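Novice: Structure supplied as model-v7.cif; contents: mmCIF, C-alpha atoms.
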```cif
data_input
#
loop_
_atom_site.label_atom_id
_atom_site.label_comp_id
_atom_site.auth_asym_id
_atom_site.auth_seq_id
_atom_site.Cartn_x
_atom_site.Cartn_y
_atom_site.Cartn_z
CA MET G 1 21.39 -6.88 12.15
CA LYS G 2 22.73 -7.08 8.61
CA PHE G 3 20.98 -7.36 5.26
CA SER G 4 21.03 -6.17 1.66
CA ILE G 5 18.05 -5.05 -0.39
CA GLN G 6 17.31 -3.66 -3.83
CA LYS G 7 17.43 0.12 -3.68
CA ASN G 8 14.06 0.69 -5.35
CA ILE G 9 12.32 -1.78 -3.01
CA LEU G 10 13.85 -0.09 0.03
CA GLN G 11 12.70 3.29 -1.24
CA ASP G 12 9.17 1.99 -1.80
CA ILE G 13 8.75 0.59 1.70
CA LEU G 14 10.25 3.66 3.35
CA THR G 15 7.92 5.85 1.28
CA ALA G 16 4.96 3.83 2.53
CA ALA G 17 6.02 3.92 6.18
CA ILE G 18 7.05 7.60 6.28
CA SER G 19 3.36 8.54 6.04
CA ALA G 20 2.88 7.50 9.66
CA VAL G 21 5.85 9.50 11.00
CA PRO G 22 4.57 12.72 12.61
CA ASN G 23 5.92 15.98 11.20
CA LYS G 24 6.54 17.28 14.69
CA SER G 25 6.33 15.25 17.85
CA THR G 26 7.41 15.94 21.39
CA ILE G 27 7.81 12.17 21.79
CA GLN G 28 11.25 11.68 20.26
CA ILE G 29 10.92 7.97 19.55
CA LEU G 30 8.02 8.61 17.12
CA ASN G 31 10.37 10.42 14.73
CA ASN G 32 11.94 7.06 13.88
CA PHE G 33 11.46 3.89 11.89
CA SER G 34 11.58 0.57 13.66
CA LEU G 35 13.56 -1.98 11.58
CA ARG G 36 13.38 -5.66 12.49
CA LEU G 37 15.05 -8.50 10.59
CA GLU G 38 14.17 -12.17 10.99
CA GLY G 39 15.76 -14.52 8.48
CA ASN G 40 15.18 -13.04 5.05
CA PHE G 41 12.26 -10.80 6.04
CA LEU G 42 12.61 -7.15 6.99
CA GLU G 43 9.79 -5.37 8.80
CA VAL G 44 9.69 -1.55 8.79
CA SER G 45 7.24 0.18 11.14
CA ALA G 46 6.23 3.75 11.94
CA THR G 47 3.50 5.28 14.08
CA ASP G 48 2.18 8.57 15.41
CA LEU G 49 0.19 6.62 18.06
CA ASP G 50 -3.08 7.21 16.17
CA LEU G 51 -1.98 5.64 12.89
CA GLY G 52 0.58 2.90 12.39
CA ILE G 53 2.07 1.45 9.20
CA ARG G 54 4.00 -1.82 9.07
CA VAL G 55 5.58 -3.13 5.86
CA LYS G 56 7.26 -6.52 5.39
CA VAL G 57 9.56 -7.34 2.49
CA GLU G 58 11.95 -10.13 1.54
CA VAL G 59 15.67 -9.25 1.64
CA SER G 60 19.03 -11.02 1.71
CA GLY G 61 19.45 -11.41 5.46
CA GLU G 62 22.77 -12.15 7.12
CA ARG G 63 22.22 -11.40 10.81
CA ASP G 64 18.91 -11.01 12.64
CA GLY G 65 18.32 -8.01 14.82
CA SER G 66 16.42 -4.77 15.28
CA VAL G 67 17.02 -1.05 15.60
CA VAL G 68 15.16 2.25 15.76
CA ILE G 69 16.57 4.80 13.32
CA ASN G 70 15.78 8.40 12.40
CA ALA G 71 13.08 8.17 9.75
CA ARG G 72 13.69 11.41 7.85
CA LYS G 73 17.44 10.89 7.63
CA LEU G 74 17.14 7.35 6.30
CA PHE G 75 14.27 8.21 3.96
CA ASP G 76 16.01 11.28 2.51
CA LEU G 77 19.27 9.39 2.13
CA VAL G 78 17.73 6.53 0.15
CA LYS G 79 15.45 8.82 -1.90
CA ASN G 80 18.45 10.84 -3.07
CA LEU G 81 20.47 7.85 -4.26
CA VAL G 82 19.57 8.76 -7.84
CA ASP G 83 22.64 7.40 -9.64
CA PRO G 84 21.22 4.66 -11.91
CA SER G 85 24.23 2.47 -11.15
CA ILE G 86 23.02 2.10 -7.54
CA THR G 87 20.93 -1.06 -7.45
CA THR G 88 21.57 -2.52 -4.00
CA VAL G 89 21.81 -1.07 -0.49
CA SER G 90 23.28 -2.94 2.47
CA ILE G 91 22.62 -2.04 6.10
CA ASP G 92 24.80 -3.34 8.91
CA VAL G 93 23.82 -2.45 12.48
CA GLN G 94 26.16 -3.03 15.40
CA ASP G 95 25.80 -1.40 18.82
CA TYR G 96 22.92 0.69 17.44
CA LEU G 97 25.14 2.24 14.76
CA ALA G 98 23.64 1.66 11.30
CA LYS G 99 26.17 1.63 8.47
CA ILE G 100 24.53 2.06 5.07
CA ARG G 101 26.53 1.20 1.97
CA TRP G 102 25.46 1.48 -1.69
CA SER G 103 28.77 1.33 -3.57
CA GLU G 104 32.44 0.76 -2.98
CA ARG G 105 32.96 4.39 -1.94
CA GLY G 106 29.37 5.36 -1.09
CA GLN G 107 28.42 4.92 2.54
CA ALA G 108 26.78 6.67 5.48
CA SER G 109 26.09 5.97 9.12
CA ILE G 110 23.21 6.88 11.43
CA THR G 111 23.13 6.32 15.18
CA GLY G 112 20.04 4.38 16.20
CA PHE G 113 18.31 3.33 19.41
CA ASP G 114 17.11 0.22 21.17
CA ALA G 115 14.07 -1.14 19.32
CA SER G 116 12.42 -2.12 22.59
CA ASP G 117 11.77 1.59 23.20
CA PHE G 118 9.51 1.79 20.14
CA PRO G 119 5.79 1.76 21.07
CA PRO G 120 4.13 -1.57 20.25
CA PHE G 121 1.26 -1.62 17.79
CA PRO G 122 -2.14 -2.47 19.27
CA GLU G 123 -3.31 -5.98 18.55
CA VAL G 124 -6.61 -6.44 16.72
CA GLU G 125 -6.58 -10.22 16.82
CA ASP G 126 -10.03 -10.92 18.25
CA GLY G 127 -12.01 -8.40 16.19
CA GLU G 128 -14.61 -8.94 13.50
CA THR G 129 -13.27 -9.43 9.98
CA LEU G 130 -14.29 -8.41 6.48
CA SER G 131 -12.42 -9.02 3.24
CA PHE G 132 -12.30 -6.73 0.21
CA ALA G 133 -10.73 -6.61 -3.20
CA ALA G 134 -8.71 -3.40 -3.32
CA SER G 135 -11.05 -2.17 -6.09
CA GLU G 136 -14.09 -2.69 -3.84
CA LEU G 137 -12.58 -0.74 -0.97
CA ALA G 138 -11.50 2.00 -3.38
CA PHE G 139 -15.07 2.24 -4.73
CA LEU G 140 -16.56 2.61 -1.25
CA ALA G 141 -13.99 5.22 -0.25
CA GLU G 142 -14.25 7.25 -3.46
CA LYS G 143 -17.99 7.82 -3.00
CA THR G 144 -17.74 8.80 0.67
CA VAL G 145 -14.41 10.27 1.80
CA PHE G 146 -15.14 13.58 0.05
CA ALA G 147 -18.04 14.24 2.45
CA THR G 148 -16.10 13.86 5.71
CA SER G 149 -15.95 16.89 7.96
CA ASN G 150 -12.99 18.88 9.27
CA ASP G 151 -14.88 20.07 12.35
CA SER G 152 -12.68 19.29 15.36
CA THR G 153 -15.70 19.58 17.70
CA ARG G 154 -17.53 16.68 16.01
CA LEU G 155 -14.84 14.07 15.48
CA SER G 156 -17.31 11.34 14.55
CA LEU G 157 -18.05 13.28 11.34
CA ASN G 158 -14.33 13.40 10.50
CA GLY G 159 -14.43 9.71 9.63
CA VAL G 160 -16.17 7.29 7.29
CA TYR G 161 -18.77 5.02 8.85
CA LEU G 162 -18.44 1.32 7.97
CA GLU G 163 -21.36 -1.02 8.52
CA ALA G 164 -22.08 -4.56 7.37
CA LYS G 165 -25.35 -6.45 7.63
CA ASP G 166 -27.89 -8.29 5.49
CA ASN G 167 -25.14 -9.49 3.13
CA ALA G 168 -24.09 -5.93 2.24
CA VAL G 169 -21.21 -3.70 3.27
CA SER G 170 -21.74 0.06 3.22
CA MET G 171 -19.70 3.19 3.83
CA ILE G 172 -21.27 6.51 4.69
CA ALA G 173 -19.81 9.94 5.29
CA THR G 174 -21.37 13.33 5.96
CA ASP G 175 -20.35 16.79 7.11
CA GLY G 176 -23.92 17.95 7.67
CA HIS G 177 -24.12 19.66 4.27
CA ARG G 178 -23.56 16.67 1.99
CA LEU G 179 -23.58 12.90 2.35
CA GLY G 180 -22.21 10.02 0.33
CA LYS G 181 -23.31 6.40 0.69
CA ALA G 182 -22.01 3.40 -1.24
CA SER G 183 -22.58 -0.34 -0.85
CA ILE G 184 -21.32 -3.66 -2.18
CA ASP G 185 -22.85 -7.10 -1.84
CA GLN G 186 -20.88 -9.50 0.33
CA GLU G 187 -22.34 -12.83 1.36
CA GLY G 188 -22.28 -13.31 5.14
CA ALA G 189 -20.81 -9.87 5.85
CA ASN G 190 -21.64 -8.72 9.35
CA LEU G 191 -20.36 -6.23 11.92
CA SER G 192 -22.18 -6.20 15.24
CA ASN G 193 -21.27 -2.53 15.56
CA GLY G 194 -20.28 -0.03 12.93
CA ALA G 195 -16.81 1.53 12.86
CA ILE G 196 -15.93 5.20 12.27
CA ILE G 197 -12.68 5.10 10.28
CA PRO G 198 -10.36 8.13 10.02
CA ARG G 199 -10.12 9.08 6.33
CA LYS G 200 -6.33 9.16 6.64
CA ALA G 201 -6.24 5.42 7.35
CA LEU G 202 -8.39 4.64 4.32
CA GLN G 203 -6.34 6.87 2.06
CA HIS G 204 -3.08 5.28 3.20
CA ILE G 205 -4.06 1.67 2.63
CA LEU G 206 -5.54 2.46 -0.79
CA HIS G 207 -2.42 4.37 -1.79
CA MET G 208 -0.17 1.54 -0.67
CA ALA G 209 -2.10 -1.55 -1.79
CA LYS G 210 -1.69 -2.98 -5.27
CA SER G 211 -4.78 -2.78 -7.46
CA ASP G 212 -5.18 -6.59 -7.47
CA ALA G 213 -4.61 -6.99 -3.72
CA THR G 214 -7.02 -8.53 -1.25
CA ILE G 215 -7.40 -6.41 1.87
CA GLU G 216 -8.49 -7.98 5.14
CA VAL G 217 -10.20 -5.52 7.46
CA ARG G 218 -10.43 -6.34 11.15
CA THR G 219 -12.13 -4.14 13.73
CA SER G 220 -12.14 -4.05 17.50
CA ALA G 221 -13.90 -1.63 19.83
CA THR G 222 -11.08 0.89 19.49
CA HIS G 223 -8.96 0.07 16.42
CA ILE G 224 -9.10 -1.05 12.81
CA LEU G 225 -6.50 -3.10 10.93
CA PHE G 226 -6.08 -3.18 7.14
CA ASP G 227 -3.88 -6.10 6.10
CA THR G 228 -2.70 -7.07 2.62
CA GLY G 229 -0.24 -9.68 3.88
CA SER G 230 2.86 -7.63 3.12
CA MET G 231 1.66 -4.38 4.66
CA GLN G 232 -0.60 -3.29 7.48
CA VAL G 233 -2.26 -0.03 8.42
CA ILE G 234 -3.50 0.13 12.00
CA SER G 235 -5.57 3.07 13.17
CA LYS G 236 -7.57 4.23 16.13
CA LEU G 237 -11.27 4.51 15.44
CA TYR G 238 -13.24 7.66 16.20
CA GLU G 239 -15.55 7.24 19.13
CA GLY G 240 -19.24 7.06 18.29
CA PRO G 241 -22.06 7.02 18.02
CA TYR G 242 -22.31 7.97 14.37
CA PRO G 243 -25.32 10.19 13.59
CA ASN G 244 -28.49 8.45 12.45
CA TYR G 245 -27.92 9.19 8.78
CA ARG G 246 -31.03 7.28 7.71
CA ALA G 247 -33.23 9.84 9.46
CA VAL G 248 -32.09 12.64 7.13
CA ILE G 249 -32.56 10.72 3.86
CA PRO G 250 -36.07 11.38 2.47
CA GLN G 251 -38.02 8.36 1.32
CA HIS G 252 -40.64 10.17 -0.77
CA PHE G 253 -40.22 13.01 -3.24
CA GLU G 254 -42.56 15.54 -4.84
CA ARG G 255 -40.19 16.45 -7.67
CA THR G 256 -37.53 14.80 -9.82
CA VAL G 257 -35.24 16.26 -12.45
CA GLN G 258 -33.29 14.01 -14.80
CA ALA G 259 -30.48 15.41 -16.93
CA ASN G 260 -27.55 14.37 -19.06
CA THR G 261 -24.67 14.20 -16.60
CA VAL G 262 -21.94 15.68 -18.79
CA GLU G 263 -24.20 18.44 -20.10
CA LEU G 264 -25.23 19.43 -16.59
CA GLN G 265 -21.59 19.39 -15.49
CA ASN G 266 -20.59 21.62 -18.39
CA LYS G 267 -23.38 24.13 -17.79
CA LEU G 268 -22.54 24.23 -14.09
CA ARG G 269 -18.88 24.77 -14.89
CA SER G 270 -19.86 27.73 -17.08
CA VAL G 271 -21.67 29.62 -14.30
CA LEU G 272 -19.48 28.68 -11.33
CA PRO G 273 -16.78 31.32 -11.95
CA MET G 274 -19.38 34.03 -11.31
CA ALA G 275 -20.61 32.50 -8.04
CA ASN G 276 -19.82 34.27 -4.81
CA THR G 277 -16.37 33.15 -3.68
CA ARG G 278 -17.60 32.51 -0.14
CA THR G 279 -20.93 30.72 -0.68
CA ARG G 280 -20.32 29.31 -4.20
CA LYS G 281 -24.11 29.45 -4.56
CA VAL G 282 -25.71 28.47 -7.85
CA ARG G 283 -29.46 28.76 -8.45
CA LEU G 284 -31.30 26.01 -10.36
CA GLN G 285 -34.70 27.00 -11.69
CA MET G 286 -37.02 24.47 -13.31
CA ASP G 287 -39.72 25.67 -15.68
CA GLY G 288 -41.32 22.82 -17.58
CA ASN G 289 -38.52 20.72 -19.06
CA THR G 290 -35.94 23.49 -18.93
CA MET G 291 -33.40 24.01 -16.16
CA GLU G 292 -31.80 27.43 -15.90
CA LEU G 293 -28.59 27.75 -13.89
CA SER G 294 -27.51 31.15 -12.61
CA ALA G 295 -24.86 32.59 -10.34
CA THR G 296 -24.42 36.10 -8.98
CA ASP G 297 -21.58 37.71 -7.10
CA PRO G 298 -22.75 41.02 -5.61
CA ASP G 299 -19.20 41.73 -4.45
CA VAL G 300 -18.08 42.26 -8.06
CA GLY G 301 -21.47 43.00 -9.62
CA GLY G 302 -21.37 40.01 -11.94
CA THR G 303 -23.99 37.50 -13.10
CA CYS G 304 -24.04 34.45 -15.37
CA THR G 305 -26.82 32.19 -16.66
CA GLU G 306 -27.03 28.95 -18.65
CA ALA G 307 -29.80 26.52 -19.52
CA LEU G 308 -30.35 22.91 -20.59
CA ALA G 309 -33.19 20.57 -21.41
CA VAL G 310 -34.17 18.14 -18.63
CA THR G 311 -36.96 15.72 -17.79
CA HIS G 312 -38.84 17.47 -14.98
CA GLN G 313 -41.62 15.82 -13.01
CA GLY G 314 -43.33 18.13 -10.55
CA GLU G 315 -45.89 20.89 -10.44
CA GLY G 316 -45.14 24.46 -11.51
CA GLN G 317 -41.91 26.40 -11.51
CA PHE G 318 -39.34 25.51 -8.88
CA SER G 319 -36.09 27.11 -7.70
CA ILE G 320 -33.42 25.72 -5.43
CA GLY G 321 -29.87 26.79 -4.58
CA PHE G 322 -26.75 24.72 -3.96
CA ASN G 323 -23.09 25.19 -3.27
CA GLY G 324 -22.01 24.80 -6.88
CA GLN G 325 -18.63 23.37 -5.95
CA TYR G 326 -20.29 20.61 -3.93
CA LEU G 327 -22.74 19.86 -6.72
CA ALA G 328 -19.97 19.71 -9.34
CA GLU G 329 -17.96 17.29 -7.18
CA ILE G 330 -20.96 14.98 -6.77
CA LEU G 331 -21.80 15.03 -10.49
CA GLY G 332 -18.21 14.09 -11.24
CA MET G 333 -18.59 10.90 -9.20
CA CYS G 334 -21.84 9.72 -10.79
CA LYS G 335 -20.16 8.10 -13.85
CA SER G 336 -23.46 7.56 -15.65
CA GLU G 337 -24.97 9.00 -18.81
CA GLU G 338 -27.94 10.43 -16.91
CA VAL G 339 -28.32 11.70 -13.36
CA VAL G 340 -31.49 12.29 -11.34
CA MET G 341 -32.09 14.86 -8.60
CA LYS G 342 -34.94 14.10 -6.18
CA MET G 343 -36.38 16.96 -4.14
CA ASN G 344 -39.34 18.08 -2.06
CA ASN G 345 -38.87 21.80 -1.41
CA PRO G 346 -36.19 24.53 -1.64
CA ILE G 347 -34.91 23.90 1.90
CA GLY G 348 -35.12 20.12 2.09
CA ALA G 349 -32.46 17.52 1.33
CA CYS G 350 -31.86 16.66 -2.32
CA ILE G 351 -30.88 13.13 -3.33
CA ILE G 352 -28.59 12.86 -6.36
CA GLU G 353 -27.94 9.50 -7.95
CA PRO G 354 -26.89 7.96 -11.26
CA VAL G 355 -29.56 6.54 -13.56
CA GLY G 356 -29.17 2.92 -14.59
CA ASP G 357 -28.54 -0.55 -13.23
CA GLY G 358 -25.48 -1.51 -11.18
CA PHE G 359 -24.98 1.84 -9.44
CA SER G 360 -25.06 1.07 -5.71
CA PHE G 361 -24.35 4.58 -4.45
CA ASN G 362 -26.08 7.90 -4.02
CA PHE G 363 -25.51 11.34 -2.55
CA LEU G 364 -27.41 13.83 -0.45
CA LEU G 365 -26.88 17.56 -0.78
CA MET G 366 -28.48 20.21 1.41
CA PRO G 367 -29.61 23.37 -0.39
CA THR G 368 -28.51 26.89 0.42
CA HIS G 369 -31.17 29.46 1.24
CA LEU G 370 -32.37 31.39 -1.76
CA VAL G 371 -32.46 35.11 -1.07
CA ASP G 372 -32.10 38.06 -3.39
CA ASP G 373 -28.43 38.18 -4.34
#
```
Please, can you express the file's structure as structure tokens?
Specialist:
Amino acid sequence: MKFSIQKNILQDILTAAISAVPNKSTIQILNNFSLRLEGNFLEVSATDLDLGIRVKVEVSGERDGSVVINARKLFDLVKNLVDPSITTVSIDVQDYLAKIRWSERGQASITGFDASDFPPFPEVEDGETLSFAASELAFLAEKTVFATSNDSTRLSLNGVYLEAKDNAVSMIATDGHRLGKASIDQEGANLSNGAIIPRKALQHILHMAKSDATIEVRTSATHILFDTGSMQVISKLYEGPYPNYRAVIPQHFERTVQANTVELQNKLRSVLPMANTRTRKVRLQMDGNTMELSATDPDVGGTCTEALAVTHQGEGQFSIGFNGQYLAEILGMCKSEEVVMKMNNPIGACIIEPVGDGFSFNFLLMPTHLVDD
């Protein structure tokens, strides 16, 4: 195998693929890139057996071939070619020895392995397919990934649930304390079964794809493929079933509170530093059209209060507590002038959503128990 490639392009594709190389693996072959050249197209692949990344780029090819080569060594070598005069890198592989040259005197060599030893990527050829603009997939992920769980005993909650039916595609994520749901309209979109996608796979394809890219998403019973044409991310799916999220979303509410989003964010930011460092609890008390926010940390004997005018519909005074950090994160994603909180009682789920047309997302936040601080 022999080819030459622009240095910055080589660095970009190695940067994309290195994300799938495990930091530590007892399976030696996984610590490598697989390089395959056919004509003027170079394919670079990496996998940790759960996640795989494959990138294809056009190069100046001279001799077809393939090799497996230490990923960290090649990546670090190319990344550190910082001399601005270095514009092109050539790689010549013979008998598994890769000779890398970037100038008349600048060269290195790395001993590689037979590419046939590299684990093949699973095929997702016969799965169901959806197509997204990169901006659409980014929107769905932004409103949901934050709510995924890190609980290793409930792996289905570690991922984002993708479903498509009735001409709409939705993503949902929850960790049992908060939930994010976002949807887009897509004519004819349909998945016979939902897919639970590891957040890492979503984050990788969105980081790698250009903002104007079209991303084809194909699912099988066990895997999901994100394909932009020049790059692919292939990931195992988490096994289901996904919890019945619809059952926890209230359909009727006894109380609503509407507030200016930025003002509520600012008031919340003011009291959060005094919240208990473990619970981050902030109390919201509604009295007429005034909301008072307060936080207390008995560990340091500190308190803080703030207040703002709201539009409150509901009978009498009402108090409810939330993890202030969670609430602040949700408010930051609403992107609307006004936000509404829909509630029933101090221990029931609260729905938070932007006010206005064209916002096809909402959030659920579970309260914390209010006790004397």
Novice: For this structure, which residues satisfy the selection - the PyMOL selection byres ((chain G and resi 219) around 10) - when it is evaluated on the file as given? I want them as a list in words.
Specialist: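 Written out, the selection comes to Val124, Glu125, Asp126, Gly127, Glu128, Thr129, Leu130, Leu191, Asn193, Gly194, Ala195, Ile197, Val217, Arg218, Ser220, Ala221, Thr222, His223, Ile224, Leu225, Phe226, Ile234, Ser235, Lys236 and Leu237 of chain G.
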Novice: With the file shown as input, list the residues that the PyMOL selection byres ((chain G and resi 211) around 8) selects, as a compact mmCIF listing (two decimals) with C-alpha atoms, keeping the file's coordinate frame.
Specialist:
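selection-v5.txt, freshly written:
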```
# COMPACT_ATOMS: atom_id res chain seq x y z
CA ALA G 134 -8.71 -3.40 -3.32
CA SER G 135 -11.05 -2.17 -6.09
CA ALA G 209 -2.10 -1.55 -1.79
CA LYS G 210 -1.69 -2.98 -5.27
CA ASP G 212 -5.18 -6.59 -7.47
CA ALA G 213 -4.61 -6.99 -3.72
```
Novice: Could you pull the residues within 7 Å of segment 29-33 of chain G, counting all atoms listed in the file, minus those fewer than 4 positions along the same chain, as a VMD selection string?
Specialist: chain G and resid 21 to 22 25 44 to 48 68 to 71 118
Novice: Output the selection as a short mmCIF file (atom, residue, chain, number, x, y, z; two decimals), in the coordinates of the input - C-alpha atoms for each residue.
Specialist:
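Listing of selection_26.cif after writing:
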```
data_model
loop_
_atom_site.label_atom_id
_atom_site.label_comp_id
_atom_site.auth_asym_id
_atom_site.auth_seq_id
_atom_site.Cartn_x
_atom_site.Cartn_y
_atom_site.Cartn_z
CA VAL G 21 5.85 9.50 11.00
CA PRO G 22 4.57 12.72 12.61
CA SER G 25 6.33 15.25 17.85
CA VAL G 44 9.69 -1.55 8.79
CA SER G 45 7.24 0.18 11.14
CA ALA G 46 6.23 3.75 11.94
CA THR G 47 3.50 5.28 14.08
CA ASP G 48 2.18 8.57 15.41
CA VAL G 68 15.16 2.25 15.76
CA ILE G 69 16.57 4.80 13.32
CA ASN G 70 15.78 8.40 12.40
CA ALA G 71 13.08 8.17 9.75
CA PHE G 118 9.51 1.79 20.14
#
```
Novice: List the spatial neighbours of Pro298 of chain G as a list of chain:residue names - criterion: any atom at most 12 Å away, only C-alpha atoms, same-chain residues fewer than 6 positions off excluded.
Specialist: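 With the cut-off at 12 Å, the set is G:Met274, G:Ala275, G:Asn276, G:Thr277, G:Arg278, G:Thr279, G:Lys281, G:Cys304, G:Asp372, G:Asp373.
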Novice: For Tyr245 of chain G, which residue among G:Arg105, G:Lys335, G:Lys181, G:His207 is the nearest when counting only C-alpha atoms?
Specialist: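 Smallest distance to Tyr245 of chain G is found for G:Lys181.
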Novice: Give me the result of the PyMOL selection byres ((chain G and resi 166) around 12) on this file, residue by residue, as a PyMOL selection string.
Specialist: chain G and resi 163-165+167-170+183-192
Novice: I'd like to know which of G:Ile320, G:Val271, G:Leu331, G:Val339 is closest to Glu306 of chain G, using all atoms listed in the file.
Specialist: G:Val271
Novice: Select, from G:Ile100, G:Asp117, G:His252, G:Gln107, the residue with the minimum atom-to-atom distance to Ile27 of chain G, counting only C-alpha atoms.
Specialist: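 Closest to Ile27 of chain G, using only C-alpha atoms: G:Asp117.
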Novice: Report as a ChimeraX atom specification all protein, DNA and RNA residues lying within 12 Å of Lys73 of chain G, evaluated on all atoms listed in the file, omitting residues in the same chain fewer than 6 positions from it.
Specialist: /G:14,18,31-33,79-80,98,100,108-112
Novice: Looking at G:Asn323, G:Leu268, G:Leu179, G:Gln313, which one is nearest to Glu353 of chain G, with distances taken over all atoms listed in the file?
Specialist: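 Of G:Asn323, G:Leu268, G:Leu179, G:Gln313, the one nearest Glu353 of chain G is G:Leu179, counting all atoms listed in the file.
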Novice: Between atom CA of Phe3 of chain G and atom CA of Val59 of chain G, what distance in Å does the model show, to one decimal?
Specialist: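 Going from atom CA of Phe3 of chain G over to atom CA of Val59 of chain G covers 6.7 Å.
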Novice: Could you state the separation of atom CA of Phe41 of chain G and atom CA of His204 of chain G in Å, given to one decimal place?
Specialist: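 Computed distance, atom CA of Phe41 of chain G to atom CA of His204 of chain G, equals 22.4 Å.
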Novice: N, CA and C atoms are what I want for segment 88-100 of chain G; can you complete it accordingly and write them as a PDB file, keeping the file's coordinate frame?
Specialist:
```
ATOM      1  N   THR G  88      21.688  -1.785  -5.251  1.00  0.00           N
ATOM      2  CA  THR G  88      21.570  -2.520  -4.000  1.00  0.00           C
ATOM      3  C   THR G  88      22.075  -1.666  -2.844  1.00  0.00           C
ATOM      4  N   VAL G  89      21.393  -1.758  -1.712  1.00  0.00           N
ATOM      5  CA  VAL G  89      21.810  -1.070  -0.490  1.00  0.00           C
ATOM      6  C   VAL G  89      21.979  -2.128   0.596  1.00  0.00           C
ATOM      7  N   SER G  90      23.081  -2.041   1.331  1.00  0.00           N
ATOM      8  CA  SER G  90      23.280  -2.940   2.470  1.00  0.00           C
ATOM      9  C   SER G  90      23.272  -2.127   3.756  1.00  0.00           C
ATOM     10  N   ILE G  91      22.677  -2.691   4.790  1.00  0.00           N
ATOM     11  CA  ILE G  91      22.620  -2.040   6.100  1.00  0.00           C
ATOM     12  C   ILE G  91      23.160  -3.004   7.136  1.00  0.00           C
ATOM     13  N   ASP G  92      24.138  -2.536   7.867  1.00  0.00           N
ATOM     14  CA  ASP G  92      24.800  -3.340   8.910  1.00  0.00           C
ATOM     15  C   ASP G  92      24.699  -2.565  10.220  1.00  0.00           C
ATOM     16  N   VAL G  93      24.018  -3.134  11.200  1.00  0.00           N
ATOM     17  CA  VAL G  93      23.820  -2.450  12.480  1.00  0.00           C
ATOM     18  C   VAL G  93      24.559  -3.205  13.574  1.00  0.00           C
ATOM     19  N   GLN G  94      25.451  -2.482  14.246  1.00  0.00           N
ATOM     20  CA  GLN G  94      26.160  -3.030  15.400  1.00  0.00           C
ATOM     21  C   GLN G  94      26.208  -1.955  16.472  1.00  0.00           C
ATOM     22  N   ASP G  95      25.835  -2.342  17.696  1.00  0.00           N
ATOM     23  CA  ASP G  95      25.800  -1.400  18.820  1.00  0.00           C
ATOM     24  C   ASP G  95      25.000  -0.147  18.468  1.00  0.00           C
ATOM     25  N   TYR G  96      23.871  -0.370  17.809  1.00  0.00           N
ATOM     26  CA  TYR G  96      22.920   0.690  17.440  1.00  0.00           C
ATOM     27  C   TYR G  96      23.438   1.638  16.367  1.00  0.00           C
ATOM     28  N   LEU G  97      24.617   1.414  15.836  1.00  0.00           N
ATOM     29  CA  LEU G  97      25.140   2.240  14.760  1.00  0.00           C
ATOM     30  C   LEU G  97      24.837   1.547  13.434  1.00  0.00           C
ATOM     31  N   ALA G  98      24.020   2.224  12.599  1.00  0.00           N
ATOM     32  CA  ALA G  98      23.640   1.660  11.300  1.00  0.00           C
ATOM     33  C   ALA G  98      24.582   2.180  10.231  1.00  0.00           C
ATOM     34  N   LYS G  99      25.290   1.261   9.582  1.00  0.00           N
ATOM     35  CA  LYS G  99      26.170   1.630   8.470  1.00  0.00           C
ATOM     36  C   LYS G  99      25.466   1.242   7.176  1.00  0.00           C
ATOM     37  N   ILE G 100      25.250   2.254   6.331  1.00  0.00           N
ATOM     38  CA  ILE G 100      24.530   2.060   5.070  1.00  0.00           C
ATOM     39  C   ILE G 100      25.525   2.199   3.931  1.00  0.00           C
TER      40      ILE G 100
END
```
